$ cat input21.txt   # compact mmCIF, C-alpha atoms and all ligand atoms
# COMPACT_ATOMS: atom_id res chain seq x y z
CA MET P 115 -27.18 225.73 198.32
CA GLU P 116 -27.96 226.82 194.76
CA ALA P 117 -30.66 229.51 194.70
CA LEU P 118 -33.85 228.60 192.84
CA PRO P 119 -34.06 230.37 189.50
CA ASP P 120 -37.02 232.72 189.02
CA SER P 121 -39.78 231.69 186.65
CA ARG P 122 -38.50 233.81 183.74
CA GLU P 123 -35.07 232.26 184.04
CA VAL P 124 -36.62 228.76 184.16
CA LEU P 125 -38.48 229.38 180.91
CA GLU P 126 -35.36 230.81 179.26
CA ARG P 127 -33.27 227.81 180.30
CA ILE P 128 -35.93 225.40 179.00
CA ARG P 129 -36.00 227.18 175.63
CA ALA P 130 -32.20 227.17 175.43
CA ARG P 131 -32.07 223.45 176.19
CA LYS P 132 -34.76 222.80 173.56
CA LYS P 133 -32.68 224.61 170.99
CA GLU P 134 -29.55 222.67 171.96
CA LEU P 135 -31.27 219.28 171.68
CA GLY P 136 -33.10 220.16 168.47
CA ARG P 137 -34.87 217.25 166.77
CA GLU P 138 -33.46 214.76 169.26
CA LEU P 139 -35.97 216.00 171.81
CA LEU P 140 -39.76 215.73 171.72
CA ILE P 141 -41.88 217.30 174.44
CA LEU P 142 -45.38 215.83 174.51
CA THR P 143 -48.09 217.64 176.47
CA HIS P 144 -51.52 216.39 177.42
CA HIS P 145 -54.61 218.59 177.05
CA TYR P 146 -54.96 218.86 180.84
CA GLN P 147 -51.54 220.44 181.38
CA ARG P 148 -51.23 224.02 182.60
CA LYS P 149 -50.85 226.55 179.80
CA ASP P 150 -47.16 227.40 180.29
CA ILE P 151 -46.30 223.69 179.88
CA VAL P 152 -48.50 223.42 176.77
CA ALA P 153 -46.70 226.46 175.33
CA LEU P 154 -43.32 224.70 175.75
CA GLY P 155 -44.43 221.42 174.16
CA ASP P 156 -43.96 220.17 170.60
CA PHE P 157 -47.29 218.33 170.44
CA LEU P 158 -50.55 218.59 172.32
CA GLY P 159 -53.02 215.72 172.39
CA ASP P 160 -54.72 212.94 174.29
CA SER P 161 -52.72 210.08 175.76
CA PHE P 162 -52.83 207.79 172.77
CA GLU P 163 -52.19 210.45 170.12
CA LEU P 164 -49.13 211.51 172.08
CA SER P 165 -47.72 207.98 172.44
CA ARG P 166 -48.17 207.39 168.73
CA LYS P 167 -46.53 210.70 167.94
CA GLY P 168 -43.43 209.73 169.93
CA ALA P 169 -43.05 206.33 168.27
CA ALA P 170 -43.65 207.78 164.79
CA ASP P 171 -40.85 210.33 165.15
CA ARG P 172 -37.72 208.42 164.08
CA ASP P 173 -35.35 211.33 164.70
CA CYS P 174 -36.14 211.90 168.33
CA ARG P 175 -34.12 210.13 171.02
CA TYR P 176 -35.62 211.75 174.08
CA ILE P 177 -39.33 211.88 174.74
CA VAL P 178 -40.36 214.05 177.68
CA PHE P 179 -43.95 213.23 178.54
CA CYS P 180 -45.87 216.01 180.31
CA GLY P 181 -48.85 214.02 181.53
CA VAL P 182 -49.46 211.29 184.12
CA HIS P 183 -47.51 208.09 184.64
CA PHE P 184 -49.69 205.61 182.71
CA MET P 185 -49.34 207.85 179.66
CA ALA P 186 -45.54 207.92 179.84
CA GLU P 187 -45.63 204.14 180.34
CA SER P 188 -47.78 203.66 177.21
CA SER P 189 -45.34 205.86 175.35
CA ALA P 190 -42.46 203.65 176.59
CA ILE P 191 -44.35 200.53 175.37
CA LEU P 192 -44.75 201.99 171.89
CA ALA P 193 -41.31 203.67 171.75
CA ARG P 194 -38.53 202.54 169.41
CA SER P 195 -35.43 200.89 170.88
CA HIS P 196 -33.27 204.04 170.58
CA GLN P 197 -35.78 206.23 172.43
CA THR P 198 -36.02 206.98 176.15
CA VAL P 199 -39.17 208.29 177.78
CA GLN P 200 -39.01 210.58 180.82
CA ILE P 201 -41.69 212.15 183.00
CA PRO P 202 -40.86 215.37 184.88
CA CYS P 203 -42.56 214.15 188.08
CA LEU P 204 -42.79 210.44 188.96
CA GLU P 205 -45.51 211.15 191.52
CA ALA P 206 -47.85 212.32 188.75
CA GLY P 207 -50.02 209.19 188.91
CA CYS P 208 -53.69 208.74 188.08
CA TRP P 209 -56.26 207.91 190.74
CA MET P 210 -58.36 205.91 188.36
CA ALA P 211 -55.43 203.83 187.10
CA GLY P 212 -54.54 203.13 190.74
CA MET P 213 -57.97 201.53 191.31
CA ALA P 214 -57.04 198.34 189.40
CA ASP P 215 -54.05 196.11 190.09
CA ALA P 216 -53.01 193.00 188.16
CA PHE P 217 -53.48 190.64 191.10
CA SER P 218 -57.11 191.68 191.75
CA LEU P 219 -57.86 191.67 188.03
CA GLU P 220 -56.53 188.15 187.57
CA ARG P 221 -58.53 186.95 190.58
CA ALA P 222 -61.70 188.63 189.27
CA PHE P 223 -61.26 187.06 185.84
CA GLU P 224 -60.79 183.58 187.37
CA GLU P 225 -63.91 184.04 189.53
CA ILE P 226 -65.97 185.14 186.53
CA ILE P 227 -64.96 182.21 184.35
CA SER P 228 -65.47 179.81 187.25
CA VAL P 229 -69.21 180.63 187.16
CA ALA P 230 -69.67 181.66 183.50
CA GLY P 231 -67.30 179.21 181.82
CA ASP P 232 -64.04 179.33 179.89
CA GLY P 233 -64.19 181.57 176.82
CA SER P 234 -67.25 183.41 178.16
CA THR P 235 -65.43 186.66 178.95
CA VAL P 236 -62.95 189.00 177.31
CA PRO P 237 -61.30 191.94 179.12
CA ILE P 238 -61.27 195.45 177.70
CA VAL P 239 -59.01 197.86 179.43
CA TYR P 240 -59.13 201.63 179.29
CA MET P 241 -55.91 203.41 178.39
CA ASN P 242 -55.95 204.86 181.92
CA SER P 243 -54.38 201.80 183.54
CA ASP P 244 -50.96 200.42 184.46
CA ALA P 245 -48.87 198.42 181.98
CA SER P 246 -49.45 195.21 183.98
CA ILE P 247 -53.23 195.58 183.46
CA LYS P 248 -52.76 196.12 179.73
CA ALA P 249 -50.47 193.08 179.64
CA PHE P 250 -53.10 190.90 181.33
CA CYS P 251 -55.60 192.08 178.76
CA GLY P 252 -53.19 191.32 175.92
CA CYS P 253 -52.72 187.74 177.16
CA ARG P 254 -56.47 187.14 177.42
CA GLY P 255 -57.33 188.24 173.86
CA GLY P 256 -58.52 191.67 174.96
CA THR P 257 -57.89 195.17 173.71
CA VAL P 258 -57.01 198.55 175.12
CA CYS P 259 -59.42 201.40 174.36
CA THR P 260 -59.59 205.15 174.72
CA SER P 261 -62.72 207.18 175.38
CA SER P 262 -63.07 207.76 171.63
CA ASN P 263 -62.83 204.15 170.47
CA ALA P 264 -64.50 202.41 173.44
CA PRO P 265 -67.64 201.59 171.34
CA ALA P 266 -65.52 199.93 168.60
CA ALA P 267 -63.54 198.02 171.24
CA MET P 268 -66.77 196.77 172.85
CA ARG P 269 -68.22 195.71 169.51
CA ARG P 270 -65.04 193.75 168.84
CA GLY P 271 -65.24 192.24 172.33
CA PHE P 272 -68.79 190.99 171.79
CA GLU P 273 -67.70 189.32 168.55
CA THR P 274 -65.27 187.15 170.53
CA ALA P 275 -67.14 186.50 173.81
CA SER P 276 -70.59 186.86 175.33
CA LYS P 277 -69.33 189.00 178.23
CA ILE P 278 -66.93 191.87 178.62
CA LEU P 279 -65.01 192.71 181.78
CA PHE P 280 -64.41 196.47 181.44
CA VAL P 281 -61.56 197.90 183.54
CA PRO P 282 -61.15 200.28 185.39
CA ASP P 283 -63.70 203.05 184.61
CA ARG P 284 -67.23 201.94 185.42
CA HIS P 285 -68.75 205.14 184.01
CA LEU P 286 -67.04 205.02 180.63
CA GLY P 287 -68.01 201.33 180.50
CA GLN P 288 -71.62 201.98 181.42
CA ASN P 289 -72.03 205.00 179.10
CA THR P 290 -70.55 203.00 176.23
CA GLY P 291 -72.71 199.96 176.96
CA LEU P 292 -75.86 202.11 176.94
CA ARG P 293 -74.76 203.76 173.70
CA LEU P 294 -74.46 200.30 172.12
CA GLY P 295 -77.99 199.45 173.21
CA LEU P 296 -77.33 197.30 176.28
CA ARG P 297 -79.97 197.52 178.97
CA PRO P 298 -78.98 198.66 182.50
CA GLU P 299 -79.94 195.23 183.87
CA GLU P 300 -77.38 193.62 181.57
CA MET P 301 -74.56 195.36 183.44
CA ILE P 302 -73.16 194.71 186.90
CA VAL P 303 -70.50 196.50 188.94
CA TRP P 304 -67.53 194.47 190.18
CA ASP P 305 -66.14 195.46 193.57
CA PRO P 306 -62.71 193.78 193.71
CA ALA P 307 -62.74 193.79 197.53
CA GLN P 308 -65.67 191.36 197.68
CA PRO P 309 -66.17 187.71 196.68
CA LEU P 310 -67.66 187.56 193.16
CA GLY P 311 -67.28 191.32 193.08
CA GLY P 312 -70.26 191.66 195.46
CA ASN P 313 -72.61 189.80 193.09
CA ASP P 314 -74.31 186.42 193.21
CA ALA P 315 -73.40 183.71 190.68
CA GLU P 316 -76.68 184.08 188.78
CA SER P 317 -76.10 187.84 188.19
CA VAL P 318 -72.57 187.16 186.96
CA ARG P 319 -73.87 184.46 184.59
CA LYS P 320 -76.55 186.79 183.20
CA ALA P 321 -74.42 189.96 182.90
CA ARG P 322 -73.11 191.00 179.50
CA LEU P 323 -70.99 193.86 180.77
CA ILE P 324 -69.06 193.63 184.04
CA LEU P 325 -67.85 197.04 185.17
CA TRP P 326 -64.81 197.34 187.41
CA ASN P 327 -65.62 199.70 190.24
CA GLY P 328 -63.16 202.45 189.27
CA TYR P 329 -63.83 206.09 188.45
CA CYS P 330 -62.19 209.44 187.82
CA LEU P 331 -62.45 211.83 190.74
CA VAL P 332 -62.13 214.80 188.40
CA HIS P 333 -65.09 213.85 186.18
CA THR P 334 -67.36 212.42 188.87
CA ARG P 335 -67.29 215.82 190.61
CA PHE P 336 -69.84 216.96 188.03
CA GLU P 337 -73.30 216.28 189.38
CA VAL P 338 -76.90 216.53 188.19
CA GLU P 339 -77.39 219.74 190.19
CA HIS P 340 -74.51 221.40 188.24
CA MET P 341 -76.22 220.46 184.99
CA ARG P 342 -79.56 221.89 186.17
CA GLU P 343 -77.91 225.05 187.43
CA ALA P 344 -76.12 225.56 184.10
CA ARG P 345 -79.43 225.12 182.19
CA VAL P 346 -81.08 227.79 184.34
CA ARG P 347 -78.17 230.26 184.23
CA PHE P 348 -77.32 229.79 180.54
CA PRO P 349 -80.49 228.60 178.78
CA GLU P 350 -78.91 229.36 175.39
CA ALA P 351 -75.88 227.14 176.06
CA ARG P 352 -74.97 223.74 174.69
CA ILE P 353 -73.45 221.45 177.33
CA VAL P 354 -70.74 218.96 176.41
CA VAL P 355 -69.29 216.46 178.90
CA HIS P 356 -66.70 213.66 179.00
CA PRO P 357 -67.88 209.99 179.14
CA GLU P 358 -66.02 209.50 182.45
CA CYS P 359 -68.94 211.48 183.98
CA THR P 360 -71.79 209.54 185.56
CA ARG P 361 -74.63 208.21 183.44
CA GLU P 362 -77.06 210.71 185.07
CA VAL P 363 -74.88 213.68 184.05
CA VAL P 364 -74.33 212.29 180.55
CA ALA P 365 -78.11 211.86 180.11
CA LEU P 366 -78.63 215.62 180.68
CA ALA P 367 -75.88 216.78 178.29
CA ASP P 368 -76.29 217.89 174.67
CA ALA P 369 -73.16 216.04 173.66
CA VAL P 370 -70.72 213.58 175.17
CA GLY P 371 -67.28 212.62 173.94
CA SER P 372 -63.56 212.22 174.44
CA THR P 373 -61.14 215.08 175.04
CA GLY P 374 -60.54 215.32 171.28
CA PHE P 375 -64.29 215.40 170.67
CA ILE P 376 -64.73 218.22 173.22
CA VAL P 377 -61.94 220.27 171.61
CA ASN P 378 -63.64 219.90 168.21
CA TYR P 379 -67.07 220.62 169.62
CA VAL P 380 -65.90 224.00 170.92
CA LYS P 381 -63.98 224.70 167.71
CA LYS P 382 -67.10 224.07 165.61
CA ALA P 383 -69.43 226.08 167.86
CA PRO P 384 -70.59 229.24 166.03
CA PRO P 385 -69.09 232.58 167.10
CA GLY P 386 -71.34 234.21 169.69
CA SER P 387 -72.57 230.89 171.07
CA THR P 388 -72.17 229.59 174.61
CA VAL P 389 -70.68 226.19 175.40
CA VAL P 390 -70.57 224.79 178.93
CA VAL P 391 -67.88 222.12 179.28
CA GLY P 392 -67.73 219.30 181.84
CA THR P 393 -64.08 218.26 181.90
CA GLU P 394 -60.73 219.17 183.47
CA ILE P 395 -60.41 222.89 184.16
CA ASN P 396 -57.06 223.55 182.46
CA LEU P 397 -58.51 222.39 179.16
CA VAL P 398 -61.65 224.50 179.61
CA HIS P 399 -59.57 227.60 180.39
CA ARG P 400 -57.37 227.04 177.36
CA LEU P 401 -60.38 226.60 175.07
CA ALA P 402 -61.85 229.85 176.44
CA LEU P 403 -58.60 231.66 175.58
CA GLU P 404 -58.35 230.08 172.13
CA TYR P 405 -61.93 230.97 171.15
CA PRO P 406 -62.58 234.44 172.59
CA ASP P 407 -65.47 235.01 170.13
CA ARG P 408 -67.61 232.39 171.88
CA LYS P 409 -68.40 231.95 175.56
CA VAL P 410 -66.67 228.79 176.88
CA LEU P 411 -67.61 228.11 180.49
CA ASP P 412 -66.81 225.36 182.99
CA LEU P 413 -69.64 223.25 184.34
CA ARG P 414 -67.71 223.38 187.61
CA SER P 415 -64.04 224.00 188.30
CA SER P 416 -62.46 220.53 188.54
CA LEU P 417 -58.68 220.27 188.46
CA CYS P 418 -56.61 217.11 188.09
CA PRO P 419 -53.89 217.61 190.75
CA ASN P 420 -51.89 214.75 189.25
CA MET P 421 -51.57 216.52 185.91
CA PHE P 422 -50.82 219.74 187.79
CA ARG P 423 -47.69 218.21 189.34
CA ILE P 424 -45.82 218.86 186.12
CA ASN P 425 -44.42 222.39 186.23
CA PRO P 426 -41.68 224.38 184.49
CA GLY P 427 -39.27 223.65 187.39
CA ASN P 428 -39.41 219.85 187.09
CA LEU P 429 -39.53 220.08 183.30
CA LEU P 430 -36.29 222.06 183.35
CA HIS P 431 -34.67 219.54 185.71
CA THR P 432 -35.67 216.72 183.35
CA MET P 433 -34.25 218.53 180.35
CA GLU P 434 -31.00 219.29 182.13
CA HIS P 435 -30.69 215.56 182.94
CA ILE P 436 -31.86 214.28 179.61
CA GLY P 437 -31.90 210.51 179.19
CA GLU P 438 -31.21 210.02 182.94
CA TYR P 439 -33.81 211.54 185.24
CA ASN P 440 -37.19 209.82 185.84
CA VAL P 441 -36.77 207.46 182.89
CA VAL P 442 -39.94 205.36 182.51
CA THR P 443 -39.35 201.72 181.63
CA VAL P 444 -41.56 198.64 181.38
CA PRO P 445 -40.17 195.08 181.90
CA GLU P 446 -39.83 193.30 178.55
CA ALA P 447 -42.39 190.52 179.21
CA THR P 448 -45.00 193.05 180.36
CA ARG P 449 -44.18 195.33 177.44
CA ALA P 450 -44.68 192.57 174.85
CA ASP P 451 -48.09 191.51 176.24
CA ALA P 452 -49.28 195.09 176.71
CA ARG P 453 -48.22 195.86 173.16
CA LEU P 454 -50.52 193.06 171.93
CA ALA P 455 -53.52 194.79 173.52
CA LEU P 456 -52.42 198.20 172.19
CA ASP P 457 -51.93 196.78 168.68
CA ARG P 458 -55.46 195.33 168.76
CA MET P 459 -56.69 198.81 169.53
CA LEU P 460 -54.77 200.17 166.55
CA ALA P 461 -56.53 197.63 164.35
CA LEU P 462 -60.02 198.77 165.48
CA PRO P 463 -62.16 200.43 162.80
CA SER P 464 -62.21 204.19 163.33
S1 LIG T 1 -58.40 213.44 185.02
FE1 LIG T 1 -58.96 211.55 186.11
S2 LIG T 1 -58.48 209.86 184.72
FE2 LIG T 1 -57.42 211.72 183.97
S3 LIG T 1 -55.39 211.61 184.90
FE3 LIG T 1 -56.63 212.86 186.26
S4 LIG T 1 -57.43 211.34 187.76
FE4 LIG T 1 -56.66 210.16 186.01

$ encode --input "input21.txt" --output "structure tokens"
Amino acid sequence: MEALPDSREVLERIRARKKELGRELLILTHHYQRKDIVALGDFLGDSFELSRKGAADRDCRYIVFCGVHFMAESSAILARSHQTVQIPCLEAGCWMAGMADAFSLERAFEEIISVAGDGSTVPIVYMNSDASIKAFCGCRGGTVCTSSNAPAAMRRGFETASKILFVPDRHLGQNTGLRLGLRPEEMIVWDPAQPLGGNDAESVRKARLILWNGYCLVHTRFEVEHMREARVRFPEARIVVHPECTREVVALADAVGSTGFIVNYVKKAPPGSTVVVGTEINLVHRLALEYPDRKVLDLRSSLCPNMFRINPGNLLHTMEHIGEYNVVTVPEATRADARLALDRMLALPS
């Protein structure tokens, strides 16, 4: 049996392979990746920025996506025909994306229109979802959104229908709805395991925003008591959190925004200031290293184990089997419909 190379040798072999492949290879790394993976990547960003980057690079043939599966899938949907997309670990899924499946979504949509009427409802689907969910959304006139353009996607949705079915993150949906001025009583939660999502027909008819009962286990670990504790321990600090956190946590924060927003928030914080950050711990640690002249602290240590599955060992294996190992593909019919929903997102005002 071949002995496992030590970590220094792994890094050397990855660098050598990168050099060999040159511009044909593009390594994309998400903000939540561990720092040695980020250091090996060509681009760092959120899921949509990275997918766009891959498709915009005409020279590259091989895209290695260091993130979770739905991200690599979105990259495959947007990729050009000569490009292959690979993920170093196929088991790097996303809990939230796994909370919505196409069968349950289709059934929910049928149930909603059976009480609210045809044309009453448009789906909006968060980027953190499988290709089949995006495809369903594309077929029903809906759009994909990210945490940064969710308000624009919702505004567009309300121009085309009186109700929005928001899938799968109930917290991002609720926080966005409140930001747009909806009242809490205009929103209901849809539990896909129950008839009418656990609601009565009258509530479904009245609701403007129907929130799929999904959530991110990494961001819902932040609780009100962590916010209060941080205020007591660091009274001088500004607290910034991600909109996948609960409404109660968001209400106590100084600022709320997407991963890109959080990165900018820390960047713009004055030297000497303290910023407490409520998001994935690898990003918080990296920001603390990048800005040593300000105090960047975690609200609580919350790691995404799915993102953490990508490591130098499986990245090396992918690069030594380029174009072959863990290639991510999407069936053509699904790809075309999902692309519709992604293209509508691209057309949203920024
Ligand atoms: S942080 Fe949450 S939403 Fe993001 S990949 Fe991990 S489980 Fe999914």

$ closest_residue --input "input21.txt" --among "P:Val377, P:Leu413, P:Cys180, P:Ala450" --to "ligand LIG 1 (chain T)" --atoms "only C-alpha atoms and all ligand atoms"
P:Cys180

$ atom_distance --input "input21.txt" --atom1 "atom CA of P:His183" --atom2 "atom CA of P:Ser415"
23.2 Å

$ residues_near_ligand --input "input21.txt" --ligand "ligand LIG 1 (chain T)" --cutoff "10 Å" --atoms "all atoms listed in the file" --output "MDAnalysis selection string"
chainID P and resid 144 146 161 181:185 206:212 240:243 282:283 328:334 358 393:395 416:422

$ closest_residue --input "input21.txt" --among "P:Arg175, P:His285, P:Arg335, P:Arg347" --to "P:Ser195" --atoms "only C-alpha atoms"
P:Arg175

$ closest_residue --input "input21.txt" --among "P:Leu310, P:Leu140, P:Ala351, P:Leu397" --to "P:Asp160" --atoms "all atoms listed in the file"
P:Leu397

$ residues_around --input "input21.txt" --residues "P:Asp407" --least-positions-apart "4" --cutoff "10 Å" --atoms "all atoms listed in the file" --output "PyMOL selection string"
chain P and resi 384-388+402-403

$ atom_distance --input "input21.txt" --atom1 "atom CA of P:Gly427" --atom2 "atom CA of P:Ser188"
24.0 Å

$ closest_residue --input "input21.txt" --among "P:Gln147, P:Ser261, P:Thr274, P:Ser121" --to "P:Asn396" --atoms "all atoms listed in the file"
P:Gln147

$ atom_distance --input "input21.txt" --atom1 "atom CA of P:Asn289" --atom2 "atom CA of P:Arg361"
6.0 Å

$ closest_residue --input "input21.txt" --among "P:Ala369, P:Leu158, P:Val441, P:Ala153" --to "P:Gln200" --atoms "all atoms listed in the file"
P:Val441

$ closest_residue --input "input21.txt" --among "P:Glu438, P:Glu224, P:Asp171, P:Glu300" --to "P:Pro237" --atoms "all atoms listed in the file"
P:Glu224

$ residues_near_point --input "input21.txt" --point "(-30.6, 220.7, 187.0)" --cutoff "12 Å" --atoms "only C-alpha atoms" --output "PyMOL selection string"
chain P and resi 116-119+124+127-128+131+202+426-436+438-439

$ write_last_selection --input "input21.txt" --atoms "C-alpha atoms" --output "PDB file, in the frame of the given file"
ATOM      1  CA  GLU P 116     -27.960 226.820 194.760  1.00  0.00           C
ATOM      2  CA  ALA P 117     -30.660 229.510 194.700  1.00  0.00           C
ATOM      3  CA  LEU P 118     -33.850 228.600 192.840  1.00  0.00           C
ATOM      4  CA  PRO P 119     -34.060 230.370 189.500  1.00  0.00           C
ATOM      5  CA  VAL P 124     -36.620 228.760 184.160  1.00  0.00           C
ATOM      6  CA  ARG P 127     -33.270 227.810 180.300  1.00  0.00           C
ATOM      7  CA  ILE P 128     -35.930 225.400 179.000  1.00  0.00           C
ATOM      8  CA  ARG P 131     -32.070 223.450 176.190  1.00  0.00           C
ATOM      9  CA  PRO P 202     -40.860 215.370 184.880  1.00  0.00           C
ATOM     10  CA  PRO P 426     -41.680 224.380 184.490  1.00  0.00           C
ATOM     11  CA  GLY P 427     -39.270 223.650 187.390  1.00  0.00           C
ATOM     12  CA  ASN P 428     -39.410 219.850 187.090  1.00  0.00           C
ATOM     13  CA  LEU P 429     -39.530 220.080 183.300  1.00  0.00           C
ATOM     14  CA  LEU P 430     -36.290 222.060 183.350  1.00  0.00           C
ATOM     15  CA  HIS P 431     -34.670 219.540 185.710  1.00  0.00           C
ATOM     16  CA  THR P 432     -35.670 216.720 183.350  1.00  0.00           C
ATOM     17  CA  MET P 433     -34.250 218.530 180.350  1.00  0.00           C
ATOM     18  CA  GLU P 434     -31.000 219.290 182.130  1.00  0.00           C
ATOM     19  CA  HIS P 435     -30.690 215.560 182.940  1.00  0.00           C
ATOM     20  CA  ILE P 436     -31.860 214.280 179.610  1.00  0.00           C
ATOM     21  CA  GLU P 438     -31.210 210.020 182.940  1.00  0.00           C
ATOM     22  CA  TYR P 439     -33.810 211.540 185.240  1.00  0.00           C
TER      23      TYR P 439
END

$ axis_aligned_box --input "input21.txt" --around "stretch 284-290 of chain P" --padding-each-side "8 Å" --output "AutoDock Vina command-line options"
--center_x -69.5 --center_y 203.2 --center_z 180.8 --size_x 21.0 --size_y 19.8 --size_z 25.2

$ residues_around --input "input21.txt" --residues "P:Arg449" --least-positions-apart "3" --cutoff "8 Å" --atoms "all atoms listed in the file" --output "list in words"
Ile191, Ala245, Ala249, Val444, Pro445, Glu446, Ala452 and Arg453 of chain P

$ residues_around --input "input21.txt" --residues "P:Phe250" --least-positions-apart "3" --cutoff "8 Å" --atoms "all atoms listed in the file" --output "PDB file with C-alpha atoms, in the coordinates of the input"
ATOM      1  CA  ALA P 216     -53.010 193.000 188.160  1.00  0.00           C
ATOM      2  CA  GLU P 220     -56.530 188.150 187.570  1.00  0.00           C
ATOM      3  CA  SER P 246     -49.450 195.210 183.980  1.00  0.00           C
ATOM      4  CA  ILE P 247     -53.230 195.580 183.460  1.00  0.00           C
ATOM      5  CA  CYS P 253     -52.720 187.740 177.160  1.00  0.00           C
ATOM      6  CA  ARG P 254     -56.470 187.140 177.420  1.00  0.00           C
ATOM      7  CA  ASP P 451     -48.090 191.510 176.240  1.00  0.00           C
ATOM      8  CA  ALA P 452     -49.280 195.090 176.710  1.00  0.00           C
TER       9      ALA P 452
END

$ residues_around --input "input21.txt" --residues "P:Arg270" --least-positions-apart "3" --cutoff "10 Å" --atoms "all atoms listed in the file" --output "list in words"
Val236, Ile238, Gly256, Thr257, Ala264, Pro265, Ala266, Ala267, Glu273, Thr274, Ala275, Arg458, Met459, Leu462 and Pro463 of chain P

$ decode --input "input21.txt" --residues "stretch 424-435 of chain P" --atoms "N, CA and C atoms" --output "short mmCIF file (atom, residue, chain, number, x, y, z; two decimals), in the first residue's frame"
data_model
loop_
_atom_site.label_atom_id
_atom_site.label_comp_id
_atom_site.auth_asym_id
_atom_site.auth_seq_id
_atom_site.Cartn_x
_atom_site.Cartn_y
_atom_site.Cartn_z
N ILE P 424 -13.38 19.47 2.73
CA ILE P 424 -12.37 19.69 1.69
C ILE P 424 -11.03 19.92 2.39
N ASN P 425 -10.03 19.13 2.02
CA ASN P 425 -8.72 19.28 2.65
C ASN P 425 -7.63 19.11 1.60
N PRO P 426 -6.39 19.44 1.94
CA PRO P 426 -5.33 19.34 0.92
C PRO P 426 -5.22 17.93 0.33
N GLY P 427 -5.50 16.89 1.12
CA GLY P 427 -5.39 15.52 0.61
C GLY P 427 -6.36 15.25 -0.52
N ASN P 428 -7.65 15.59 -0.32
CA ASN P 428 -8.61 15.31 -1.41
C ASN P 428 -8.48 16.32 -2.56
N LEU P 429 -7.94 17.50 -2.25
CA LEU P 429 -7.68 18.44 -3.35
C LEU P 429 -6.57 17.90 -4.25
N LEU P 430 -5.53 17.36 -3.62
CA LEU P 430 -4.44 16.78 -4.41
C LEU P 430 -4.95 15.63 -5.28
N HIS P 431 -5.74 14.74 -4.67
CA HIS P 431 -6.27 13.60 -5.42
C HIS P 431 -7.06 14.07 -6.64
N THR P 432 -7.86 15.11 -6.44
CA THR P 432 -8.66 15.67 -7.55
C THR P 432 -7.73 16.20 -8.65
N MET P 433 -6.69 16.89 -8.23
CA MET P 433 -5.80 17.49 -9.23
C MET P 433 -4.96 16.46 -9.95
N GLU P 434 -4.71 15.35 -9.28
CA GLU P 434 -3.94 14.28 -9.94
C GLU P 434 -4.85 13.41 -10.81
N HIS P 435 -6.17 13.63 -10.73
CA HIS P 435 -7.12 12.93 -11.60
C HIS P 435 -8.02 13.98 -12.26
#
